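entry36.cif (mmCIF, C-alpha atoms, pLDDT in the B column; chains and numbers go by the auth columns)
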data_data
#
loop_
_atom_site.group_PDB
_atom_site.id
_atom_site.type_symbol
_atom_site.label_atom_id
_atom_site.label_comp_id
_atom_site.label_asym_id
_atom_site.label_seq_id
_atom_site.Cartn_x
_atom_site.Cartn_y
_atom_site.Cartn_z
_atom_site.B_iso_or_equiv
_atom_site.auth_seq_id
_atom_site.auth_asym_id
ATOM 1 C CA MET A 1 100.397 -13.906 55.760 61.00 1 A
ATOM 2 C CA GLN A 2 99.866 -12.139 59.056 73.00 2 A
ATOM 3 C CA GLN A 3 96.482 -11.747 60.665 83.00 3 A
ATOM 4 C CA LYS A 4 94.712 -8.430 61.044 92.00 4 A
ATOM 5 C CA ASP A 5 94.319 -7.210 64.615 95.00 5 A
ATOM 6 C CA ALA A 6 91.084 -5.305 65.193 95.00 6 A
ATOM 7 C CA ARG A 7 92.766 -3.269 67.950 95.00 7 A
ATOM 8 C CA LEU A 8 94.945 -1.614 65.273 96.00 8 A
ATOM 9 C CA ALA A 9 92.113 -0.904 62.825 96.00 9 A
ATOM 10 C CA GLY A 10 92.621 2.553 61.378 95.00 10 A
ATOM 11 C CA ALA A 11 95.301 3.567 63.893 97.00 11 A
ATOM 12 C CA ALA A 12 97.835 6.241 62.955 97.00 12 A
ATOM 13 C CA ILE A 13 101.288 5.181 64.125 97.00 13 A
ATOM 14 C CA LEU A 14 104.573 7.070 64.174 96.00 14 A
ATOM 15 C CA VAL A 15 107.711 4.947 63.721 95.00 15 A
ATOM 16 C CA VAL A 16 110.992 6.637 64.695 91.00 16 A
ATOM 17 C CA GLU A 17 113.875 4.418 63.569 89.00 17 A
ATOM 18 C CA ASP A 18 117.215 5.446 62.092 84.00 18 A
ATOM 19 C CA VAL A 19 117.770 2.212 60.150 87.00 19 A
ATOM 20 C CA SER A 20 115.598 2.577 57.052 90.00 20 A
ATOM 21 C CA ILE A 21 115.152 -1.139 56.366 93.00 21 A
ATOM 22 C CA ILE A 22 113.966 -1.738 59.941 92.00 22 A
ATOM 23 C CA ALA A 23 111.607 1.245 59.710 93.00 23 A
ATOM 24 C CA MET A 24 110.133 -0.129 56.471 95.00 24 A
ATOM 25 C CA GLU A 25 109.792 -3.587 58.029 96.00 25 A
ATOM 26 C CA LEU A 26 107.897 -2.096 60.978 96.00 26 A
ATOM 27 C CA GLU A 27 105.681 -0.162 58.570 97.00 27 A
ATOM 28 C CA LEU A 28 104.801 -3.349 56.665 97.00 28 A
ATOM 29 C CA ILE A 29 104.119 -5.251 59.888 97.00 29 A
ATOM 30 C CA LEU A 30 101.788 -2.560 61.239 98.00 30 A
ATOM 31 C CA LEU A 31 99.949 -1.901 57.976 97.00 31 A
ATOM 32 C CA GLY A 32 99.551 -5.641 57.444 96.00 32 A
ATOM 33 C CA ALA A 33 97.990 -5.935 60.896 97.00 33 A
ATOM 34 C CA GLY A 34 95.412 -3.262 60.099 97.00 34 A
ATOM 35 C CA ALA A 35 96.930 0.104 61.017 97.00 35 A
ATOM 36 C CA GLY A 36 95.400 2.875 58.944 97.00 36 A
ATOM 37 C CA LYS A 37 98.540 4.961 58.532 97.00 37 A
ATOM 38 C CA VAL A 38 102.200 4.555 59.464 97.00 38 A
ATOM 39 C CA MET A 39 104.481 7.561 59.249 96.00 39 A
ATOM 40 C CA ILE A 40 108.218 6.904 59.294 95.00 40 A
ATOM 41 C CA ALA A 41 110.736 9.305 60.781 92.00 41 A
ATOM 42 C CA THR A 42 114.348 8.291 60.188 87.00 42 A
ATOM 43 C CA GLY A 43 115.550 10.465 63.021 83.00 43 A
ATOM 44 C CA VAL A 44 114.459 12.805 65.737 83.00 44 A
ATOM 45 C CA ARG A 45 114.482 15.845 63.424 86.00 45 A
ATOM 46 C CA ASP A 46 112.017 14.094 61.074 89.00 46 A
ATOM 47 C CA GLY A 47 109.902 12.925 64.007 86.00 47 A
ATOM 48 C CA ARG A 48 109.708 16.385 65.530 86.00 48 A
ATOM 49 C CA ALA A 49 108.758 17.843 62.132 90.00 49 A
ATOM 50 C CA LEU A 50 105.861 15.376 61.888 88.00 50 A
ATOM 51 C CA LEU A 51 104.721 16.214 65.412 86.00 51 A
ATOM 52 C CA ASP A 52 105.085 19.951 64.863 88.00 52 A
ATOM 53 C CA SER A 53 102.997 19.680 61.692 91.00 53 A
ATOM 54 C CA GLY A 54 100.013 18.867 63.892 87.00 54 A
ATOM 55 C CA MET A 55 99.651 15.272 62.722 88.00 55 A
ATOM 56 C CA HIS A 56 97.768 13.058 65.148 90.00 56 A
ATOM 57 C CA PHE A 57 99.240 9.710 66.166 94.00 57 A
ATOM 58 C CA ASP A 58 97.515 7.004 68.162 96.00 58 A
ATOM 59 C CA ALA A 59 100.830 5.369 69.117 96.00 59 A
ATOM 60 C CA ALA A 60 104.560 5.780 68.553 95.00 60 A
ATOM 61 C CA VAL A 61 107.212 3.106 68.058 95.00 61 A
ATOM 62 C CA PHE A 62 110.833 4.033 68.816 90.00 62 A
ATOM 63 C CA GLY A 63 114.150 2.416 68.065 81.00 63 A
ATOM 64 C CA VAL A 64 115.432 3.433 71.496 61.00 64 A
ATOM 65 C CA PHE A 65 119.050 4.325 70.960 64.00 65 A
ATOM 66 C CA LEU A 66 118.830 6.754 68.098 54.00 66 A
ATOM 67 C CA ASP A 67 120.376 9.213 70.580 63.00 67 A
ATOM 68 C CA VAL A 68 119.505 10.998 73.793 70.00 68 A
ATOM 69 C CA SER A 69 117.142 13.363 71.995 76.00 69 A
ATOM 70 C CA ALA A 70 115.125 10.351 70.791 77.00 70 A
ATOM 71 C CA VAL A 71 114.491 9.326 74.377 78.00 71 A
ATOM 72 C CA GLU A 72 113.529 12.929 75.192 81.00 72 A
ATOM 73 C CA MET A 73 111.111 12.928 72.254 85.00 73 A
ATOM 74 C CA ALA A 74 109.620 9.585 73.346 85.00 74 A
ATOM 75 C CA LEU A 75 109.195 11.011 76.842 85.00 75 A
ATOM 76 C CA ALA A 76 107.371 14.081 75.516 84.00 76 A
ATOM 77 C CA ILE A 77 105.047 11.892 73.443 88.00 77 A
ATOM 78 C CA ALA A 78 104.341 9.600 76.392 87.00 78 A
ATOM 79 C CA GLU A 79 103.618 12.592 78.639 85.00 79 A
ATOM 80 C CA SER A 80 101.041 13.785 76.094 84.00 80 A
ATOM 81 C CA GLY A 81 99.121 10.535 76.620 86.00 81 A
ATOM 82 C CA CYS A 82 100.153 8.841 73.378 91.00 82 A
ATOM 83 C CA PRO A 83 101.273 5.245 73.972 94.00 83 A
ATOM 84 C CA VAL A 84 104.927 4.525 73.233 93.00 84 A
ATOM 85 C CA VAL A 85 106.502 1.199 72.281 94.00 85 A
ATOM 86 C CA LEU A 86 110.279 0.904 72.652 90.00 86 A
ATOM 87 C CA ILE A 87 112.298 -1.503 70.531 89.00 87 A
ATOM 88 C CA ALA A 88 115.752 -2.292 71.883 81.00 88 A
ATOM 89 C CA ALA A 89 118.451 -4.925 71.978 67.00 89 A
ATOM 90 C CA GLN A 90 118.265 -6.935 75.213 55.00 90 A
ATOM 91 C CA GLU A 91 121.816 -6.098 76.203 52.00 91 A
ATOM 92 C CA GLU A 92 121.137 -2.364 76.108 53.00 92 A
ATOM 93 C CA GLY A 93 119.809 -2.469 79.693 56.00 93 A
ATOM 94 C CA LEU A 94 117.463 0.501 79.584 57.00 94 A
ATOM 95 C CA VAL A 95 116.657 2.399 82.743 64.00 95 A
ATOM 96 C CA LEU A 96 113.874 4.867 81.998 68.00 96 A
ATOM 97 C CA THR A 97 111.966 7.358 84.093 69.00 97 A
ATOM 98 C CA SER A 98 108.208 7.759 84.286 71.00 98 A
ATOM 99 C CA PRO A 99 106.148 7.652 82.101 79.00 99 A
ATOM 100 C CA LEU A 100 108.526 5.764 79.773 78.00 100 A
ATOM 101 C CA ASP A 101 109.116 3.135 82.444 78.00 101 A
ATOM 102 C CA ARG A 102 105.543 1.973 81.690 80.00 102 A
ATOM 103 C CA ALA A 103 106.043 1.868 77.913 86.00 103 A
ATOM 104 C CA ARG A 104 105.690 -1.476 76.185 90.00 104 A
ATOM 105 C CA ARG A 105 109.071 -2.863 75.211 88.00 105 A
ATOM 106 C CA VAL A 106 109.981 -5.272 72.432 91.00 106 A
ATOM 107 C CA ASP A 107 113.444 -6.791 72.535 86.00 107 A
ATOM 108 C CA LYS A 108 115.473 -7.459 69.391 85.00 108 A
ATOM 109 C CA PRO A 109 115.311 -9.770 67.635 89.00 109 A
ATOM 110 C CA TYR A 110 111.531 -9.505 67.513 92.00 110 A
ATOM 111 C CA SER A 111 108.765 -11.250 65.638 95.00 111 A
ATOM 112 C CA PRO A 112 105.968 -9.418 63.822 96.00 112 A
ATOM 113 C CA GLU A 113 103.541 -10.839 66.374 96.00 113 A
ATOM 114 C CA GLU A 114 105.489 -9.265 69.255 96.00 114 A
ATOM 115 C CA VAL A 115 105.413 -5.832 67.611 97.00 115 A
ATOM 116 C CA ILE A 116 101.711 -6.101 66.815 97.00 116 A
ATOM 117 C CA GLU A 117 100.835 -7.221 70.339 97.00 117 A
ATOM 118 C CA ALA A 118 102.893 -4.441 71.941 96.00 118 A
ATOM 119 C CA VAL A 119 101.330 -1.704 69.825 97.00 119 A
ATOM 120 C CA ALA A 120 97.790 -3.114 69.992 96.00 120 A
ATOM 121 C CA SER A 121 97.890 -3.647 73.752 95.00 121 A
ATOM 122 C CA SER A 122 99.296 -0.147 74.298 94.00 122 A
ATOM 123 C CA LEU A 123 96.353 1.282 72.343 92.00 123 A
ATOM 124 C CA CYS A 124 93.913 -0.718 74.444 87.00 124 A
ATOM 125 C CA ALA A 125 95.598 0.316 77.707 76.00 125 A
ATOM 126 C CA ARG A 126 95.139 3.973 76.752 64.00 126 A
ATOM 127 C CA THR A 127 91.393 3.575 76.378 57.00 127 A
ATOM 128 C CA GLU A 128 90.872 1.666 79.628 55.00 128 A
#

Would you mind writing the file out in structure tokens?
Amino acid sequence: MQQKDARLAGAAILVVEDVSIIAMELELILLGAGAGKVMIATGVRDGRALLDSGMHFDAAVFGVFLDVSAVEMALAIAESGCPVVLIAAQEEGLVLTSPLDRARRVDKPYSPEEVIEAVASSLCARTE
């Protein structure tokens, strides 16, 4: 059983991931660590619909290579001040521009603890 992380308590987190089983795994990890709400978008269209609906998110987690529009969406979210965590395979060799170059990154394969720490520390960095 994973430990709760007080830094995630009540946080609303957007997960944008095109592989449903990975998205559900991330949801379980984050809820288990204390997040208040996790919304899953299985693609950029779903993610944009959630954002356009006016929902507030404290952080966003992206499977990086959904497509180019996913990176553009992550960039827009980061520019709004919402922390972004990028999840990518190590061999993908990302080169990102500001402000995504400061986003927390978790390389696949990842552990639940790595995801929790990346999201929790990104929330703390925003408030500092």

Resolved residues for the PyMOL selection byres ((chain A and resi 75) around 9) as a list in words: Ala70, Val71, Glu72, Met73, Ala74, Ala76, Ile77, Ala78, Glu79, Ser80, Val84, Thr97, Ser98, Pro99 and Leu100 of chain A

Could the residues in this selection be saved with C-alpha atoms as a PDB file, in the frame of the given file?
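Final output, saved to result-v8.pdb:
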ATOM      1  CA  ALA A  70     115.125  10.351  70.791  1.00 77.00           C
ATOM      2  CA  VAL A  71     114.491   9.326  74.377  1.00 78.00           C
ATOM      3  CA  GLU A  72     113.529  12.929  75.192  1.00 81.00           C
ATOM      4  CA  MET A  73     111.111  12.928  72.254  1.00 85.00           C
ATOM      5  CA  ALA A  74     109.620   9.585  73.346  1.00 85.00           C
ATOM      6  CA  ALA A  76     107.371  14.081  75.516  1.00 84.00           C
ATOM      7  CA  ILE A  77     105.047  11.892  73.443  1.00 88.00           C
ATOM      8  CA  ALA A  78     104.341   9.600  76.392  1.00 87.00           C
ATOM      9  CA  GLU A  79     103.618  12.592  78.639  1.00 85.00           C
ATOM     10  CA  SER A  80     101.041  13.785  76.094  1.00 84.00           C
ATOM     11  CA  VAL A  84     104.927   4.525  73.233  1.00 93.00           C
ATOM     12  CA  THR A  97     111.966   7.358  84.093  1.00 69.00           C
ATOM     13  CA  SER A  98     108.208   7.759  84.286  1.00 71.00           C
ATOM     14  CA  PRO A  99     106.148   7.652  82.101  1.00 79.00           C
ATOM     15  CA  LEU A 100     108.526   5.764  79.773  1.00 78.00           C
TER      16      LEU A 100
END

Expansion of the PyMOL selection byres ((chain A and resi 109) around 10) into residues, as an NGL selection string: :A and (87-90 or 106-108 or 110-111 or 114)

Would you mind exporting C-alpha atoms of the selected residues as a PDB file, keeping the file's coordinate frame?
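Written output follows (part25.pdb):
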ATOM      1  CA  ILE A  87     112.298  -1.503  70.531  1.00 89.00           C
ATOM      2  CA  ALA A  88     115.752  -2.292  71.883  1.00 81.00           C
ATOM      3  CA  ALA A  89     118.451  -4.925  71.978  1.00 67.00           C
ATOM      4  CA  GLN A  90     118.265  -6.935  75.213  1.00 55.00           C
ATOM      5  CA  VAL A 106     109.981  -5.272  72.432  1.00 91.00           C
ATOM      6  CA  ASP A 107     113.444  -6.791  72.535  1.00 86.00           C
ATOM      7  CA  LYS A 108     115.473  -7.459  69.391  1.00 85.00           C
ATOM      8  CA  TYR A 110     111.531  -9.505  67.513  1.00 92.00           C
ATOM      9  CA  SER A 111     108.765 -11.250  65.638  1.00 95.00           C
ATOM     10  CA  GLU A 114     105.489  -9.265  69.255  1.00 96.00           C
TER      11      GLU A 114
END

Atomic distance atom CA of A:Lys4 - atom CA of A:Gly54, expressed in Å with one decimal: 28.0 Å

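Between atom CA of A:Gly81 and atom CA of A:Cys124 the interatomic distance comes to 12.6 Å.
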
Contacts of A:Val85 at 7 Å (only C-alpha atoms; same-chain gap of 3+ positions) as JSON, numbers by chain: {"A": [60, 61, 62, 103, 104, 105, 118, 119]}

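What separates atom CA of A:Ala120 from atom CA of A:Asp5 is a distance of 7.6 Å.
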
Best match for closeness to A:Leu50 among A:Leu28, A:Val19, A:Leu86, A:Ile13, counting only C-alpha atoms: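 Ranking A:Leu28, A:Val19, A:Leu86, A:Ile13 by distance to A:Leu50, first place goes to A:Ile13.
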
Residues selected by the PyMOL selection byres ((chain A and resi 2) around 7), written as a list in words: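 Applied to this file, the PyMOL selection byres ((chain A and resi 2) around 7) selects Met1, Gln3, Lys4, Gly32 and Ala33 of chain A.
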
Selection: 7 Å around A:Asp58, only C-alpha atoms, excl. self and same-chain fewer than 2 positions, as number ranges by chain: A: 11-13, 56, 82

Could you save those same residues with C-alpha atoms as a JSON list (two decimals), in the frame of the given file?
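What landed in again-v2.json:
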[["chain", "number", "residue", "atom", "x", "y", "z"],
["A", 11, "ALA", "CA", 95.30, 3.57, 63.89],
["A", 12, "ALA", "CA", 97.84, 6.24, 62.96],
["A", 13, "ILE", "CA", 101.29, 5.18, 64.12],
["A", 56, "HIS", "CA", 97.77, 13.06, 65.15],
["A", 82, "CYS", "CA", 100.15, 8.84, 73.38]]

Within 9 Å of A:Leu31 using all atoms listed in the file, minus same-chain residues under 6 positions, as JSON, numbers by chain: {"A": [4, 8, 37, 38]}

Residue nearest A:Ser122 - candidates A:Ala35, A:Ala59, A:Val68, A:Ile21, atoms counted: only C-alpha atoms: A:Ala59

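Proximity to A:Arg48 was assessed for A:Pro83, A:Ile22, A:Glu113, A:Ser69 counting all atoms listed in the file; the smallest distance is recorded for A:Ser69.
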
Nearest to A:Ala125 by atom-to-atom distance, counting all atoms listed in the file, from A:Arg102, A:Pro112, A:Ser20, A:Met55: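 Nearest candidate to A:Ala125 out of A:Arg102, A:Pro112, A:Ser20, A:Met55: A:Arg102.
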
Nearest to A:Gly43, chosen from A:Glu27, A:Leu123, A:Leu14, A:Arg7, with all atoms listed in the file counted in the distances: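 Ranked by minimum distance to A:Gly43, first place goes to A:Leu14.
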